[in-house]
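> See input-v3.pdb below, with PDB, C-alpha atoms.
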```pdb
ATOM      1  CA  MET I   1       1.856 -30.070  24.336
ATOM      2  CA  ALA I   2       0.236 -26.976  25.889
ATOM      3  CA  GLY I   3       1.287 -27.960  29.411
ATOM      4  CA  LEU I   4       4.876 -28.436  28.296
ATOM      5  CA  PHE I   5       5.046 -25.000  26.734
ATOM      6  CA  ASP I   6       3.356 -23.478  29.789
ATOM      7  CA  GLN I   7       6.446 -24.523  31.767
ATOM      8  CA  GLN I   8       8.834 -22.615  29.508
ATOM      9  CA  ALA I   9       6.695 -19.558  28.730
ATOM     10  CA  ASP I  10       8.853 -17.162  30.751
ATOM     11  CA  LEU I  11      11.958 -18.151  28.747
ATOM     12  CA  TYR I  12      10.451 -17.559  25.299
ATOM     13  CA  LEU I  13      10.171 -13.793  25.258
ATOM     14  CA  ASP I  14      13.872 -12.923  25.181
ATOM     15  CA  ALA I  15      15.390 -16.229  24.061
ATOM     16  CA  ARG I  16      13.781 -16.766  20.676
ATOM     17  CA  PRO I  17      14.880 -14.921  17.535
ATOM     18  CA  THR I  18      12.971 -12.006  16.078
ATOM     19  CA  TYR I  19      11.777 -12.759  12.563
ATOM     20  CA  PRO I  20      13.039 -10.251   9.956
ATOM     21  CA  PHE I  21      10.554  -7.535   9.016
ATOM     22  CA  GLN I  22      11.253  -8.238   5.346
ATOM     23  CA  TRP I  23       9.435 -11.563   5.714
ATOM     24  CA  TYR I  24       6.193  -9.801   6.546
ATOM     25  CA  SER I  25       6.646  -7.412   3.619
ATOM     26  CA  MET I  26       7.131 -10.402   1.274
ATOM     27  CA  LEU I  27       3.941 -12.005   2.533
ATOM     28  CA  ALA I  28       1.867  -8.820   2.502
ATOM     29  CA  ALA I  29       2.895  -8.187  -1.113
ATOM     30  CA  ARG I  30       1.288 -11.501  -2.060
ATOM     31  CA  THR I  31      -2.151 -10.941  -0.522
ATOM     32  CA  LEU I  32      -4.792  -8.985  -2.414
ATOM     33  CA  HIS I  33      -6.219  -7.443   0.760
ATOM     34  CA  ARG I  34      -4.752  -6.500   4.131
ATOM     35  CA  SER I  35      -7.765  -6.469   6.407
ATOM     36  CA  LEU I  36      -7.410  -9.517   8.650
ATOM     37  CA  ALA I  37      -4.604 -11.890   9.598
ATOM     38  CA  TRP I  38      -4.552 -14.898  11.922
ATOM     39  CA  ASP I  39      -1.337 -15.894  13.723
ATOM     40  CA  VAL I  40      -1.736 -19.464  14.976
ATOM     41  CA  GLY I  41       0.282 -20.775  17.913
ATOM     42  CA  THR I  42       1.149 -17.140  18.562
ATOM     43  CA  GLY I  43       3.000 -17.762  21.837
ATOM     44  CA  ASN I  44       4.277 -14.390  23.020
ATOM     45  CA  GLY I  45       3.031 -12.718  19.833
ATOM     46  CA  GLN I  46       6.346 -11.898  18.191
ATOM     47  CA  ALA I  47       5.090 -12.918  14.730
ATOM     48  CA  ALA I  48       1.680 -11.333  15.314
ATOM     49  CA  ILE I  49       3.133  -7.894  15.971
ATOM     50  CA  GLY I  50       5.284  -8.187  12.843
ATOM     51  CA  VAL I  51       2.215  -9.065  10.772
ATOM     52  CA  ALA I  52       0.337  -6.125  12.358
ATOM     53  CA  GLU I  53       2.617  -3.669  10.589
ATOM     54  CA  HIS I  54       0.877  -4.626   7.334
ATOM     55  CA  TYR I  55      -2.692  -5.652   8.282
ATOM     56  CA  GLU I  56      -5.584  -3.770   9.844
ATOM     57  CA  GLN I  57      -6.292  -6.455  12.444
ATOM     58  CA  VAL I  58      -4.402  -9.511  13.631
ATOM     59  CA  ILE I  59      -5.854 -12.273  15.782
ATOM     60  CA  GLY I  60      -3.235 -14.284  17.660
ATOM     61  CA  THR I  61      -4.390 -17.608  19.112
ATOM     62  CA  ASP I  62      -2.729 -20.198  21.304
ATOM     63  CA  VAL I  63      -3.657 -23.312  23.278
ATOM     64  CA  SER I  64      -1.372 -22.152  26.114
ATOM     65  CA  GLU I  65      -2.778 -19.558  28.508
ATOM     66  CA  ALA I  66       0.663 -19.176  30.096
ATOM     67  CA  GLN I  67       2.202 -18.209  26.758
ATOM     68  CA  LEU I  68      -0.515 -15.628  26.150
ATOM     69  CA  GLN I  69       0.166 -14.054  29.545
ATOM     70  CA  HIS I  70       3.556 -13.067  28.113
ATOM     71  CA  ALA I  71       2.097 -11.793  24.829
ATOM     72  CA  ILE I  72       3.391  -8.439  23.593
ATOM     73  CA  PRO I  73       0.591  -5.823  23.542
ATOM     74  CA  HIS I  74      -0.162  -4.135  20.214
ATOM     75  CA  PRO I  75      -3.163  -1.970  19.291
ATOM     76  CA  LYS I  76      -3.889  -4.034  16.159
ATOM     77  CA  VAL I  77      -3.467  -7.461  17.778
ATOM     78  CA  LYS I  78      -6.190  -9.337  19.645
ATOM     79  CA  TYR I  79      -5.056 -12.422  21.559
ATOM     80  CA  LEU I  80      -7.398 -15.353  22.084
ATOM     81  CA  TYR I  81      -7.026 -18.492  24.162
ATOM     82  CA  THR I  82      -8.185 -21.446  22.046
ATOM     83  CA  PRO I  83      -8.110 -24.654  24.107
ATOM     84  CA  LEU I  84      -7.861 -27.969  22.310
ATOM     85  CA  SER I  85     -11.485 -28.583  23.251
ATOM     86  CA  ILE I  86     -12.762 -25.690  21.108
ATOM     87  CA  SER I  87     -14.873 -26.835  18.161
ATOM     88  CA  ASP I  88     -14.006 -25.964  14.568
ATOM     89  CA  GLU I  89     -17.170 -23.888  14.281
ATOM     90  CA  GLU I  90     -16.362 -21.928  17.437
ATOM     91  CA  LEU I  91     -12.859 -21.267  16.179
ATOM     92  CA  LEU I  92     -14.072 -20.194  12.738
ATOM     93  CA  SER I  93     -16.534 -17.809  14.320
ATOM     94  CA  SER I  94     -13.976 -16.316  16.705
ATOM     95  CA  ILE I  95     -11.523 -15.604  13.867
ATOM     96  CA  GLY I  96     -13.950 -14.068  11.381
ATOM     97  CA  GLY I  97     -15.822 -16.790   9.545
ATOM     98  CA  GLU I  98     -15.273 -18.486   6.220
ATOM     99  CA  ASN I  99     -13.505 -16.637   3.410
ATOM    100  CA  SER I 100     -12.469 -13.794   5.726
ATOM    101  CA  VAL I 101      -8.719 -14.052   6.410
ATOM    102  CA  ASP I 102      -6.072 -12.521   4.138
ATOM    103  CA  LEU I 103      -2.999 -14.049   5.778
ATOM    104  CA  ILE I 104      -2.536 -17.009   8.115
ATOM    105  CA  THR I 105       0.878 -17.389   9.748
ATOM    106  CA  VAL I 106       2.374 -20.133  11.895
ATOM    107  CA  ALA I 107       5.840 -19.555  13.322
ATOM    108  CA  GLN I 108       7.751 -22.468  14.890
ATOM    109  CA  ALA I 109       4.556 -24.379  15.674
ATOM    110  CA  VAL I 110       2.751 -26.131  12.813
ATOM    111  CA  HIS I 111       4.595 -29.413  13.399
ATOM    112  CA  TRP I 112       2.645 -29.765  16.677
ATOM    113  CA  PHE I 113      -0.732 -29.414  14.969
ATOM    114  CA  ASP I 114      -3.305 -31.941  13.828
ATOM    115  CA  LEU I 115      -2.430 -31.127  10.206
ATOM    116  CA  PRO I 116      -5.559 -32.407   8.382
ATOM    117  CA  LYS I 117      -7.783 -30.521  10.837
ATOM    118  CA  PHE I 118      -5.696 -27.353  10.643
ATOM    119  CA  TYR I 119      -5.450 -27.374   6.853
ATOM    120  CA  SER I 120      -9.222 -27.838   6.629
ATOM    121  CA  LEU I 121      -9.680 -24.719   8.789
ATOM    122  CA  VAL I 122      -7.163 -22.810   6.667
ATOM    123  CA  THR I 123      -9.031 -23.718   3.488
ATOM    124  CA  ARG I 124     -12.310 -22.490   4.940
ATOM    125  CA  LEU I 125     -10.960 -19.305   6.518
ATOM    126  CA  LEU I 126      -8.690 -17.965   3.763
ATOM    127  CA  ARG I 127     -10.128 -15.338   1.472
ATOM    128  CA  LYS I 128     -10.484 -16.718  -2.046
ATOM    129  CA  PRO I 129      -8.898 -15.485  -4.168
ATOM    130  CA  GLY I 130      -6.048 -13.545  -2.610
ATOM    131  CA  GLY I 131      -5.478 -15.110   0.830
ATOM    132  CA  ILE I 132      -2.326 -17.039   1.683
ATOM    133  CA  VAL I 133      -0.980 -19.245   4.461
ATOM    134  CA  ALA I 134       2.686 -19.123   5.500
ATOM    135  CA  ILE I 135       4.469 -21.415   7.922
ATOM    136  CA  TRP I 136       8.081 -21.236   9.007
ATOM    137  CA  CYS I 137      10.537 -22.692  11.455
ATOM    138  CA  TYR I 138      14.257 -22.931  12.180
ATOM    139  CA  ASN I 139      16.270 -26.023  12.980
ATOM    140  CA  ASP I 140      19.902 -25.031  13.303
ATOM    141  CA  ILE I 141      22.112 -22.248  14.586
ATOM    142  CA  ALA I 142      25.413 -21.161  13.073
ATOM    143  CA  VAL I 143      27.709 -19.467  15.592
ATOM    144  CA  SER I 144      31.373 -20.194  14.780
ATOM    145  CA  PRO I 145      33.608 -23.047  13.580
ATOM    146  CA  THR I 146      34.755 -23.557  17.179
ATOM    147  CA  PHE I 147      31.349 -23.486  18.805
ATOM    148  CA  ASP I 148      29.233 -25.376  16.258
ATOM    149  CA  PRO I 149      30.751 -28.871  16.825
ATOM    150  CA  VAL I 150      30.294 -28.505  20.609
ATOM    151  CA  MET I 151      26.706 -27.450  20.012
ATOM    152  CA  LYS I 152      26.195 -30.487  17.762
ATOM    153  CA  ARG I 153      27.305 -32.809  20.583
ATOM    154  CA  PHE I 154      24.873 -31.150  22.976
ATOM    155  CA  HIS I 155      22.045 -31.328  20.435
ATOM    156  CA  ASP I 156      22.629 -35.066  20.028
ATOM    157  CA  THR I 157      22.015 -35.561  23.777
ATOM    158  CA  THR I 158      18.557 -33.995  23.412
ATOM    159  CA  LEU I 159      17.333 -36.346  20.667
ATOM    160  CA  PRO I 160      15.618 -38.955  22.917
ATOM    161  CA  TYR I 161      13.498 -36.262  24.570
ATOM    162  CA  TRP I 162      11.866 -34.590  21.579
ATOM    163  CA  ASN I 163       8.285 -35.247  20.575
ATOM    164  CA  PRO I 164       8.272 -37.403  17.381
ATOM    165  CA  ASN I 165       6.688 -34.541  15.431
ATOM    166  CA  ILE I 166       9.947 -32.597  15.761
ATOM    167  CA  GLN I 167      11.247 -34.743  12.896
ATOM    168  CA  TYR I 168       9.466 -32.337  10.538
ATOM    169  CA  VAL I 169      11.710 -29.578  11.912
ATOM    170  CA  PHE I 170      14.869 -31.687  11.727
ATOM    171  CA  ASP I 171      13.955 -32.367   8.077
ATOM    172  CA  GLY I 172      13.628 -28.648   7.399
ATOM    173  CA  TYR I 173       9.896 -29.105   6.601
ATOM    174  CA  LYS I 174      10.904 -31.008   3.452
ATOM    175  CA  THR I 175       8.665 -33.899   4.538
ATOM    176  CA  LEU I 176       5.834 -31.786   5.928
ATOM    177  CA  PRO I 177       2.532 -32.086   4.013
ATOM    178  CA  PHE I 178       1.531 -28.696   2.589
ATOM    179  CA  PRO I 179      -1.413 -29.013   0.165
ATOM    180  CA  PHE I 180      -1.455 -25.444  -1.116
ATOM    181  CA  GLU I 181      -0.522 -23.784  -4.409
ATOM    182  CA  SER I 182       2.870 -22.089  -4.330
ATOM    183  CA  VAL I 183       3.130 -18.296  -4.250
ATOM    184  CA  GLY I 184       6.902 -18.308  -4.786
ATOM    185  CA  LEU I 185       7.990 -18.668  -1.158
ATOM    186  CA  GLY I 186       8.569 -22.384  -0.883
ATOM    187  CA  SER I 187       6.249 -25.262  -1.715
ATOM    188  CA  GLU I 188       5.568 -28.801  -0.529
ATOM    189  CA  GLY I 189       8.850 -30.695  -0.514
ATOM    190  CA  GLN I 190      10.825 -27.574  -1.417
ATOM    191  CA  PRO I 191      10.817 -25.068   1.449
ATOM    192  CA  LEU I 192      12.473 -21.695   1.005
ATOM    193  CA  ALA I 193      15.769 -21.461   2.955
ATOM    194  CA  LEU I 194      16.168 -18.287   5.007
ATOM    195  CA  ASP I 195      18.518 -16.903   7.656
ATOM    196  CA  ILE I 196      17.485 -15.119  10.839
ATOM    197  CA  PRO I 197      20.375 -12.918  12.008
ATOM    198  CA  LYS I 198      20.644 -12.133  15.704
ATOM    199  CA  LYS I 199      23.162 -10.676  18.115
ATOM    200  CA  LEU I 200      23.314 -12.814  21.214
ATOM    201  CA  SER I 201      25.267 -13.126  24.442
ATOM    202  CA  PHE I 202      26.100 -16.517  25.874
ATOM    203  CA  GLU I 203      23.524 -16.022  28.627
ATOM    204  CA  GLY I 204      20.888 -15.272  26.016
ATOM    205  CA  PHE I 205      21.913 -18.367  24.089
ATOM    206  CA  LEU I 206      21.675 -20.464  27.254
ATOM    207  CA  ARG I 207      18.162 -19.163  27.919
ATOM    208  CA  MET I 208      17.211 -20.247  24.409
ATOM    209  CA  LEU I 209      18.513 -23.765  25.051
ATOM    210  CA  ARG I 210      16.625 -23.940  28.343
ATOM    211  CA  SER I 211      13.415 -23.091  26.481
ATOM    212  CA  TRP I 212      13.726 -26.171  24.240
ATOM    213  CA  SER I 213      10.871 -28.592  24.855
ATOM    214  CA  ALA I 214      13.343 -31.510  24.920
ATOM    215  CA  VAL I 215      15.358 -29.876  27.693
ATOM    216  CA  VAL I 216      12.175 -29.297  29.709
ATOM    217  CA  THR I 217      10.987 -32.881  29.100
ATOM    218  CA  ALA I 218      14.340 -34.307  30.191
ATOM    219  CA  LYS I 219      14.321 -32.177  33.336
ATOM    220  CA  ASN I 220      10.825 -33.437  34.177
ATOM    221  CA  GLN I 221      12.269 -36.961  33.918
ATOM    222  CA  GLY I 222      15.138 -36.128  36.262
ATOM    223  CA  VAL I 223      17.781 -35.587  33.569
ATOM    224  CA  ASP I 224      19.624 -32.262  33.466
ATOM    225  CA  LEU I 225      20.908 -31.929  29.913
ATOM    226  CA  LEU I 226      22.395 -28.535  30.760
ATOM    227  CA  SER I 227      24.498 -29.680  33.686
ATOM    228  CA  GLU I 228      27.245 -27.484  35.078
ATOM    229  CA  ASN I 229      29.903 -29.331  33.043
ATOM    230  CA  VAL I 230      27.914 -29.057  29.794
ATOM    231  CA  VAL I 231      27.360 -25.327  30.331
ATOM    232  CA  LYS I 232      31.090 -24.861  31.020
ATOM    233  CA  GLU I 233      31.998 -26.628  27.785
ATOM    234  CA  LEU I 234      29.548 -24.535  25.766
ATOM    235  CA  LYS I 235      30.725 -21.335  27.454
ATOM    236  CA  SER I 236      34.389 -22.118  26.758
ATOM    237  CA  ALA I 237      33.649 -22.713  23.074
ATOM    238  CA  TRP I 238      31.587 -19.516  22.878
ATOM    239  CA  GLY I 239      34.506 -17.326  24.006
ATOM    240  CA  ARG I 240      34.588 -14.554  26.585
ATOM    241  CA  SER I 241      31.591 -14.591  28.925
ATOM    242  CA  ASN I 242      30.645 -11.057  27.868
ATOM    243  CA  LEU I 243      31.140 -11.705  24.146
ATOM    244  CA  VAL I 244      28.112 -10.812  22.025
ATOM    245  CA  ARG I 245      28.161 -12.823  18.828
ATOM    246  CA  SER I 246      26.427 -12.332  15.498
ATOM    247  CA  ILE I 247      24.743 -15.663  14.834
ATOM    248  CA  ALA I 248      22.319 -16.993  12.245
ATOM    249  CA  TYR I 249      19.316 -19.210  12.837
ATOM    250  CA  LYS I 250      18.799 -21.434   9.788
ATOM    251  CA  ALA I 251      15.136 -21.141   8.840
ATOM    252  CA  PHE I 252      12.751 -22.360   6.163
ATOM    253  CA  MET I 253       9.325 -21.280   4.919
ATOM    254  CA  LEU I 254       6.371 -22.708   3.045
ATOM    255  CA  ALA I 255       3.681 -20.372   1.701
ATOM    256  CA  GLY I 256       0.694 -20.966  -0.520
ATOM    257  CA  LYS I 257      -2.896 -20.277  -1.481
ATOM    258  CA  VAL I 258      -5.933 -22.490  -1.669
ATOM    259  CA  LYS I 259      -6.053 -24.514  -4.866
ATOM    260  CA  LEU I 260      -9.222 -23.537  -6.749
TER     261      LEU I 260
END
```
Take the structure I supplied and represent it as structure tokens, if you would.

Amino acid sequence: MAGLFDQQADLYLDARPTYPFQWYSMLAARTLHRSLAWDVGTGNGQAAIGVAEHYEQVIGTDVSEAQLQHAIPHPKVKYLYTPLSISDEELLSSIGGENSVDLITVAQAVHWFDLPKFYSLVTRLLRKPGGIVAIWCYNDIAVSPTFDPVMKRFHDTTLPYWNPNIQYVFDGYKTLPFPFESVGLGSEGQPLALDIPKKLSFEGFLRMLRSWSAVVTAKNQGVDLLSENVVKELKSAWGRSNLVRSIAYKAFMLAGKVKL
């Protein structure tokens, strides 16, 4: 998947929503220490810099070098390229070693991971007691009663081009394995529902759609899901071309600690 996300790296920075700062406060309040955090699949670092407001050091890792080239600089954040070929021991060492991490975060990415391997690393890295892992994602966007049905029709055209793992996202992480003890922010089978508010222009919305992996995959196969006619239909439903709307990304979170 790294190569696919390399192709859309330049679209991510301004198209994706910014996660509310209150989320990081909620998570920080549940860790006993605030020394080290690891943001996995960090992309452009938007979650990492939010975590950095509460922790002394944050390590943001990604399998995509292109994504990391767009990473947002922050004095507390260290970005590391971690290719799929890296061994578990190398990765453990580069993060801080066993029992060293207070918070592990994964934003909009865990469904791409080798889950048994990742959860094994989490169990080894998290500080015990007191460390937690939190994963979150969003799977829908509420704009307006006029726009949402048009958006639903467009979304349906993308379905054949998603990686099968995206089903976890479509299910709102309700079917995602999460073998950790709840800390009150969602648990296996019962994710916590959250909203991500954002003000967005139509052009910004269109950039977000163009960053979807399914749209990129379709384009690589010679199919333009965002043809001129489709864009016109979406734009008409949005309203005036210069209209900035208050929208809500529908998100969900799972957070937990290692079962002792």
> Could you check how far CA of Ser201 (chain I) sits from CA of Ser241 (chain I), in Å to one decimal?
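These two atoms are separated by 7.9 Å.
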> As a check of understanding, name the residues that the PyMOL selection byres ((chain I and resi 161) around 7) selects in the supplied structure, as a PyMOL selection string.
chain I and resi 158-160+162-163+214+217-218
> Skip Asp88 (chain I) itself and residues of its chain fewer than 5 positions away, then list as a ChimeraX atom specification all residues within 9 Å of it, counting only C-alpha atoms.
/I:93,117,121
> Please write as a list in words the full residue list that the PyMOL selection byres ((chain I and resi 257) around 10) yields on this file.
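Expected selection for the PyMOL selection byres ((chain I and resi 257) around 10) here is Arg30, Thr31, Leu103, Val122, Thr123, Leu126, Arg127, Lys128, Pro129, Gly130, Gly131, Ile132, Val133, Ala134, Pro179, Phe180, Glu181, Ser182, Val183, Ala255, Gly256, Val258, Lys259 and Leu260 of chain I.
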> Considering only C-alpha atoms, can you say which of I:Glu53, I:Glu233, I:Glu98, I:Asp62 comes closest to Arg153 (chain I)?
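Closest to Arg153 (chain I) of all the choices is I:Glu233.
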> Edge lengths and centre in Å to one decimal, as JSON, is what I'm after for the box along x, y and z that holds all listed atoms of region 61-76 of chain I once 4 Å is added on each side.

```
{"center_x": -0.4, "center_y": -12.6, "center_z": 23.1, "size_x": 15.9, "size_y": 29.3, "size_z": 21.9}
```
> Restricting the calculation to only C-alpha atoms, which member of I:Met253, I:Leu234, I:Leu194, I:Val101 is positioned closest to Lys152 (chain I)?
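Among I:Met253, I:Leu234, I:Leu194, I:Val101, it is I:Leu234 that comes nearest to Lys152 (chain I).
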> Can you work out the spacing between CA of Val230 (chain I) and CA of Asp148 (chain I) in Å, to one decimal?
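For CA of Val230 (chain I) relative to CA of Asp148 (chain I), the distance reads 14.1 Å.
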